[in-house]
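K.L.:
Before I ask anything, let me first share the structure, which is written out below as structure tokens.
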Amino acid sequence: MNNVPFPLIVPVDEERRIYKGFIAIKNLEYQIQLQLGPQGYLHGQENLSKLFQDYPQAKDLVEKKLHQATDVMSFLNEFKEIIETTAIAENNRFNYSHDRYSLIYNEVKKIGFENVQEISNDMLQITLKTVDEQGRKHLVKVDLPSNYPFASLKVEWDLPVAISNHTTLAHILAQHRAFVIKFQLFFNCMDDLDKHMRIIEPDKPKRSDTWRRIALGHHCSLEIQVNAESPLDMKPKIRFFGSANRVRDLQSKWKESTWNKDLPIHQNLLDSFQLVSNSTDAYEDYTTTGDIECGICYSYKLNNTDTPDIICGNMSCSRGFHYQCLYEVSYSK
């Protein structure tokens, strides 16, 4: 049966060469009934008949082939080729909802319903999902235009790389899954930072975010930029925020530190900044100093837009806040 090109076409009257069944064209199935020979005919469902009405040249060619045909499989091959190359390839108005839904349904069925997070009632948006080896769920939203597949899909996903090929749902999911696998180490590193460090920004990190703003203590902070392609192989770019004296200490310590690619990122940061020399040759812990409780100094964002209009009463604290707003050091390696 698998070697038969049109297995859903069956004879109704072999002596009169009458056949009936379904034929698949461009991933859509059409119900047809036909008779071969000089007195032959071809009847199809409404959407197939409409193609012939819009393209009379295709209709004339199909009738000519039908009246000359002696073998049903040969004729159906020619019929399918005529429809695909003459009518469907040129017909941008091929936009009836039933066949659009059938096409989308068949695509979803092909990729597997277990890989679908959500489908809108009008089938204008489908959310696909990929679950990685750590059990993290990654979503990709696909907007399907009303005239799909004759218009491009709009794709949105939360990964540190843009999509390049989005012709079908299967292509989108395959590309999404490949990138999720590729960036496993990057996701692990960013989760490590979020778990072990005091993150100031972003407020709600996304999987596509390759940076973090981290509180170090003494009203200092750093912004770290992680290479998504190779997050542990080399020293990341760092930008420091805080008072001039403390930032100089941090910058000096960072330049002197050695990056160990076998350690997690947070451990490299702890090893670099936990003990920093000050002017009195004492040691200050930049990672555990308890200055996070100062509401004024750490509420530099109120309602996402405003900054505090009150200076903290603690002199060292307020100086720290003042410099944190005005002083920053460019990226250090």
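Each chain of the structure tokens is named A, B, ... in the order shown, its residues numbered from 1; ligands are numbered from 1 in display order.
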Where does stretch 2-34 of chain A meet stretch 61-78 of chain A within 10 Å, residue by residue, with the nearest atom pair and distance in Å to one decimal for each, counting only C-alpha atoms, listed by chain and rising number, as a Markdown table?
P.N.:
```
| residue | atom | partner | partner_atom | distance |
| --- | --- | --- | --- | --- |
| A:Val4 | CA | A:Met73 | CA | 8.5 |
| A:Pro5 | CA | A:Met73 | CA | 7.2 |
| A:Phe6 | CA | A:Met73 | CA | 7.1 |
| A:Pro7 | CA | A:Met73 | CA | 9.8 |
| A:Ile9 | CA | A:Met73 | CA | 9.0 |
| A:Val10 | CA | A:Val72 | CA | 9.9 |
| A:Pro11 | CA | A:Val72 | CA | 9.4 |
| A:Arg17 | CA | A:Val72 | CA | 8.2 |
| A:Ile18 | CA | A:Val72 | CA | 9.1 |
| A:Tyr19 | CA | A:Val72 | CA | 8.0 |
| A:Ile23 | CA | A:Leu76 | CA | 8.3 |
| A:Leu34 | CA | A:Leu66 | CA | 8.6 |
```
K.L.:
Give me, as a list in words, the residues of stretch 177-269 of chain A that a backbone DSSP run labels strand (DSSP E).
P.N.:
Arg198, Ile199, Ile200, Glu201, Trp211, Arg212, Arg213, Ile214, Ala215, Leu216, Gly217, Cys220, Ser221, Leu222, Glu223, Ile224, Gln225, Lys237, Ile238, Arg239, Phe240 and Phe241 of chain A
K.L.:
What's the 10 Å shell around A:Gln267, counting only C-alpha atoms, without same-chain residues fewer than 3 positions away, as a list of chain:residue names?
P.N.:
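In the requested format, the answer is A:Asp192, A:Leu193, A:His196, A:Met197, A:Asn260, A:Leu263, A:Pro264, A:Leu270, A:Asp271, A:Ser272.
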K.L.:
Could you save the residues just selected, with all heavy atoms, as a PDB file, in the first residue's frame?
P.N.:
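Dumped to part_27.pdb:
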```
ATOM      1  N   ASP A 192      22.712  30.189  38.301  1.00  0.00           N
ATOM      2  CA  ASP A 192      23.671  30.169  39.405  1.00  0.00           C
ATOM      3  C   ASP A 192      23.837  31.565  40.001  1.00  0.00           C
ATOM      4  O   ASP A 192      23.840  31.741  41.226  1.00  0.00           O
ATOM      5  CB  ASP A 192      25.013  29.635  38.897  1.00  0.00           C
ATOM      6  CG  ASP A 192      26.111  29.753  39.924  1.00  0.00           C
ATOM      7  OD1 ASP A 192      26.137  28.935  40.861  1.00  0.00           O
ATOM      8  OD2 ASP A 192      26.959  30.670  39.793  1.00  0.00           O
ATOM      9  N   LEU A 193      23.962  32.567  39.141  1.00  0.00           N
ATOM     10  CA  LEU A 193      24.066  33.951  39.625  1.00  0.00           C
ATOM     11  C   LEU A 193      22.810  34.374  40.372  1.00  0.00           C
ATOM     12  O   LEU A 193      22.871  34.971  41.448  1.00  0.00           O
ATOM     13  CB  LEU A 193      24.321  34.894  38.445  1.00  0.00           C
ATOM     14  CG  LEU A 193      25.734  34.938  37.867  1.00  0.00           C
ATOM     15  CD1 LEU A 193      25.765  35.854  36.650  1.00  0.00           C
ATOM     16  CD2 LEU A 193      26.732  35.403  38.913  1.00  0.00           C
ATOM     17  N   HIS A 196      22.742  32.695  43.926  1.00  0.00           N
ATOM     18  CA  HIS A 196      23.765  32.936  44.938  1.00  0.00           C
ATOM     19  C   HIS A 196      24.116  34.409  45.140  1.00  0.00           C
ATOM     20  O   HIS A 196      24.771  34.742  46.129  1.00  0.00           O
ATOM     21  CB  HIS A 196      25.040  32.165  44.587  1.00  0.00           C
ATOM     22  CG  HIS A 196      24.897  30.686  44.669  1.00  0.00           C
ATOM     23  ND1 HIS A 196      24.667  29.902  43.559  1.00  0.00           N
ATOM     24  CD2 HIS A 196      24.926  29.840  45.726  1.00  0.00           C
ATOM     25  CE1 HIS A 196      24.581  28.640  43.923  1.00  0.00           C
ATOM     26  NE2 HIS A 196      24.735  28.571  45.228  1.00  0.00           N
ATOM     27  N   MET A 197      23.738  35.280  44.215  1.00  0.00           N
ATOM     28  CA  MET A 197      24.105  36.692  44.334  1.00  0.00           C
ATOM     29  C   MET A 197      22.869  37.551  44.540  1.00  0.00           C
ATOM     30  O   MET A 197      21.750  37.136  44.250  1.00  0.00           O
ATOM     31  CB  MET A 197      24.860  37.151  43.073  1.00  0.00           C
ATOM     32  CG  MET A 197      26.045  36.268  42.695  1.00  0.00           C
ATOM     33  SD  MET A 197      27.312  36.138  43.977  1.00  0.00           S
ATOM     34  CE  MET A 197      28.069  37.752  43.893  1.00  0.00           C
ATOM     35  N   ASN A 260      38.834  31.244  36.884  1.00  0.00           N
ATOM     36  CA  ASN A 260      38.885  29.780  36.874  1.00  0.00           C
ATOM     37  C   ASN A 260      37.641  29.256  36.161  1.00  0.00           C
ATOM     38  O   ASN A 260      36.540  29.300  36.702  1.00  0.00           O
ATOM     39  CB  ASN A 260      38.957  29.237  38.308  1.00  0.00           C
ATOM     40  CG  ASN A 260      39.195  27.734  38.338  1.00  0.00           C
ATOM     41  OD1 ASN A 260      38.985  27.032  37.349  1.00  0.00           O
ATOM     42  ND2 ASN A 260      39.647  27.235  39.475  1.00  0.00           N
ATOM     43  N   LEU A 263      35.155  26.751  37.821  1.00  0.00           N
ATOM     44  CA  LEU A 263      34.297  27.156  38.936  1.00  0.00           C
ATOM     45  C   LEU A 263      33.057  27.871  38.414  1.00  0.00           C
ATOM     46  O   LEU A 263      33.094  28.487  37.349  1.00  0.00           O
ATOM     47  CB  LEU A 263      35.053  28.087  39.888  1.00  0.00           C
ATOM     48  CG  LEU A 263      36.203  27.484  40.694  1.00  0.00           C
ATOM     49  CD1 LEU A 263      36.870  28.576  41.524  1.00  0.00           C
ATOM     50  CD2 LEU A 263      35.719  26.353  41.580  1.00  0.00           C
ATOM     51  N   PRO A 264      31.952  27.844  39.171  1.00  0.00           N
ATOM     52  CA  PRO A 264      30.771  28.630  38.779  1.00  0.00           C
ATOM     53  C   PRO A 264      31.096  30.118  38.761  1.00  0.00           C
ATOM     54  O   PRO A 264      32.033  30.576  39.438  1.00  0.00           O
ATOM     55  CB  PRO A 264      29.747  28.291  39.864  1.00  0.00           C
ATOM     56  CG  PRO A 264      30.228  27.027  40.493  1.00  0.00           C
ATOM     57  CD  PRO A 264      31.719  27.042  40.390  1.00  0.00           C
ATOM     58  N   LEU A 270      32.992  35.756  44.054  1.00  0.00           N
ATOM     59  CA  LEU A 270      33.278  35.749  45.487  1.00  0.00           C
ATOM     60  C   LEU A 270      34.781  35.741  45.742  1.00  0.00           C
ATOM     61  O   LEU A 270      35.288  36.479  46.594  1.00  0.00           O
ATOM     62  CB  LEU A 270      32.623  34.533  46.146  1.00  0.00           C
ATOM     63  CG  LEU A 270      31.100  34.548  46.294  1.00  0.00           C
ATOM     64  CD1 LEU A 270      30.621  33.249  46.916  1.00  0.00           C
ATOM     65  CD2 LEU A 270      30.640  35.728  47.129  1.00  0.00           C
ATOM     66  N   ASP A 271      35.477  34.911  44.993  1.00  0.00           N
ATOM     67  CA  ASP A 271      36.930  34.838  45.164  1.00  0.00           C
ATOM     68  C   ASP A 271      37.601  36.156  44.797  1.00  0.00           C
ATOM     69  O   ASP A 271      38.644  36.503  45.350  1.00  0.00           O
ATOM     70  CB  ASP A 271      37.504  33.718  44.299  1.00  0.00           C
ATOM     71  CG  ASP A 271      37.088  32.335  44.786  1.00  0.00           C
ATOM     72  OD1 ASP A 271      36.592  32.239  45.934  1.00  0.00           O
ATOM     73  OD2 ASP A 271      37.238  31.365  44.015  1.00  0.00           O
ATOM     74  N   SER A 272      37.016  36.894  43.887  1.00  0.00           N
ATOM     75  CA  SER A 272      37.619  38.152  43.436  1.00  0.00           C
ATOM     76  C   SER A 272      37.338  39.306  44.382  1.00  0.00           C
ATOM     77  O   SER A 272      38.203  40.153  44.606  1.00  0.00           O
ATOM     78  CB  SER A 272      37.100  38.513  42.043  1.00  0.00           C
ATOM     79  OG  SER A 272      37.442  37.525  41.108  1.00  0.00           O
TER      80      SER A 272
END
```
K.L.:
Could you check the closest approach to A:Ile200 for each of A:Gln57, A:Val116, A:Glu29, A:Leu216 and tell me which residue wins, using only C-alpha atoms?
P.N.:
A:Leu216
K.L.:
Any chance you could tabulate, as a Markdown table, the residues of stretch 155-226 of chain A at most 10 Å from stretch 144-149 of chain A with each one's nearest atom pair and distance in Å to one decimal, using only C-alpha atoms, in chain and rising number order?
P.N.:
```
| residue | atom | partner | partner_atom | distance |
| --- | --- | --- | --- | --- |
| A:Val155 | CA | A:Leu144 | CA | 9.0 |
| A:Thr167 | CA | A:Pro149 | CA | 8.7 |
| A:Thr168 | CA | A:Pro149 | CA | 8.4 |
| A:Leu169 | CA | A:Leu144 | CA | 9.7 |
```
K.L.:
Find the residues near A:Leu8: any atom within 9 Å, counting only C-alpha atoms, skip ones fewer than 5 places away on the same chain, and give them as an mmCIF file with all heavy atoms, in the first residue's frame.
P.N.:
```cif
data_model
loop_
_atom_site.group_PDB
_atom_site.id
_atom_site.type_symbol
_atom_site.label_atom_id
_atom_site.label_comp_id
_atom_site.auth_asym_id
_atom_site.auth_seq_id
_atom_site.Cartn_x
_atom_site.Cartn_y
_atom_site.Cartn_z
ATOM 1 N N LYS A 20 -13.213 7.129 -6.880
ATOM 2 C CA LYS A 20 -13.649 8.067 -5.859
ATOM 3 C C LYS A 20 -12.683 7.978 -4.668
ATOM 4 O O LYS A 20 -12.112 6.925 -4.399
ATOM 5 C CB LYS A 20 -15.066 7.730 -5.390
ATOM 6 C CG LYS A 20 -15.668 8.714 -4.380
ATOM 7 C CD LYS A 20 -17.107 8.323 -4.063
ATOM 8 C CE LYS A 20 -17.730 9.327 -3.103
ATOM 9 N NZ LYS A 20 -19.129 8.962 -2.766
ATOM 10 N N GLY A 21 -12.511 9.112 -3.980
ATOM 11 C CA GLY A 21 -11.663 9.085 -2.781
ATOM 12 C C GLY A 21 -11.089 10.455 -2.465
ATOM 13 O O GLY A 21 -11.716 11.487 -2.749
ATOM 14 N N PHE A 22 -9.890 10.448 -1.867
ATOM 15 C CA PHE A 22 -9.249 11.692 -1.429
ATOM 16 C C PHE A 22 -7.862 11.800 -2.045
ATOM 17 O O PHE A 22 -7.143 10.808 -2.172
ATOM 18 C CB PHE A 22 -9.118 11.716 0.103
ATOM 19 C CG PHE A 22 -10.443 11.747 0.818
ATOM 20 C CD1 PHE A 22 -11.113 10.563 1.107
ATOM 21 C CD2 PHE A 22 -11.010 12.955 1.198
ATOM 22 C CE1 PHE A 22 -12.326 10.581 1.765
ATOM 23 C CE2 PHE A 22 -12.229 12.983 1.854
ATOM 24 C CZ PHE A 22 -12.896 11.794 2.133
ATOM 25 N N ILE A 23 -7.502 13.026 -2.406
ATOM 26 C CA ILE A 23 -6.181 13.304 -2.954
ATOM 27 C C ILE A 23 -5.555 14.429 -2.145
ATOM 28 O O ILE A 23 -6.227 15.421 -1.819
ATOM 29 C CB ILE A 23 -6.258 13.676 -4.454
ATOM 30 C CG1 ILE A 23 -4.856 13.934 -5.013
ATOM 31 C CG2 ILE A 23 -7.174 14.857 -4.690
ATOM 32 C CD1 ILE A 23 -4.823 14.129 -6.516
#
```
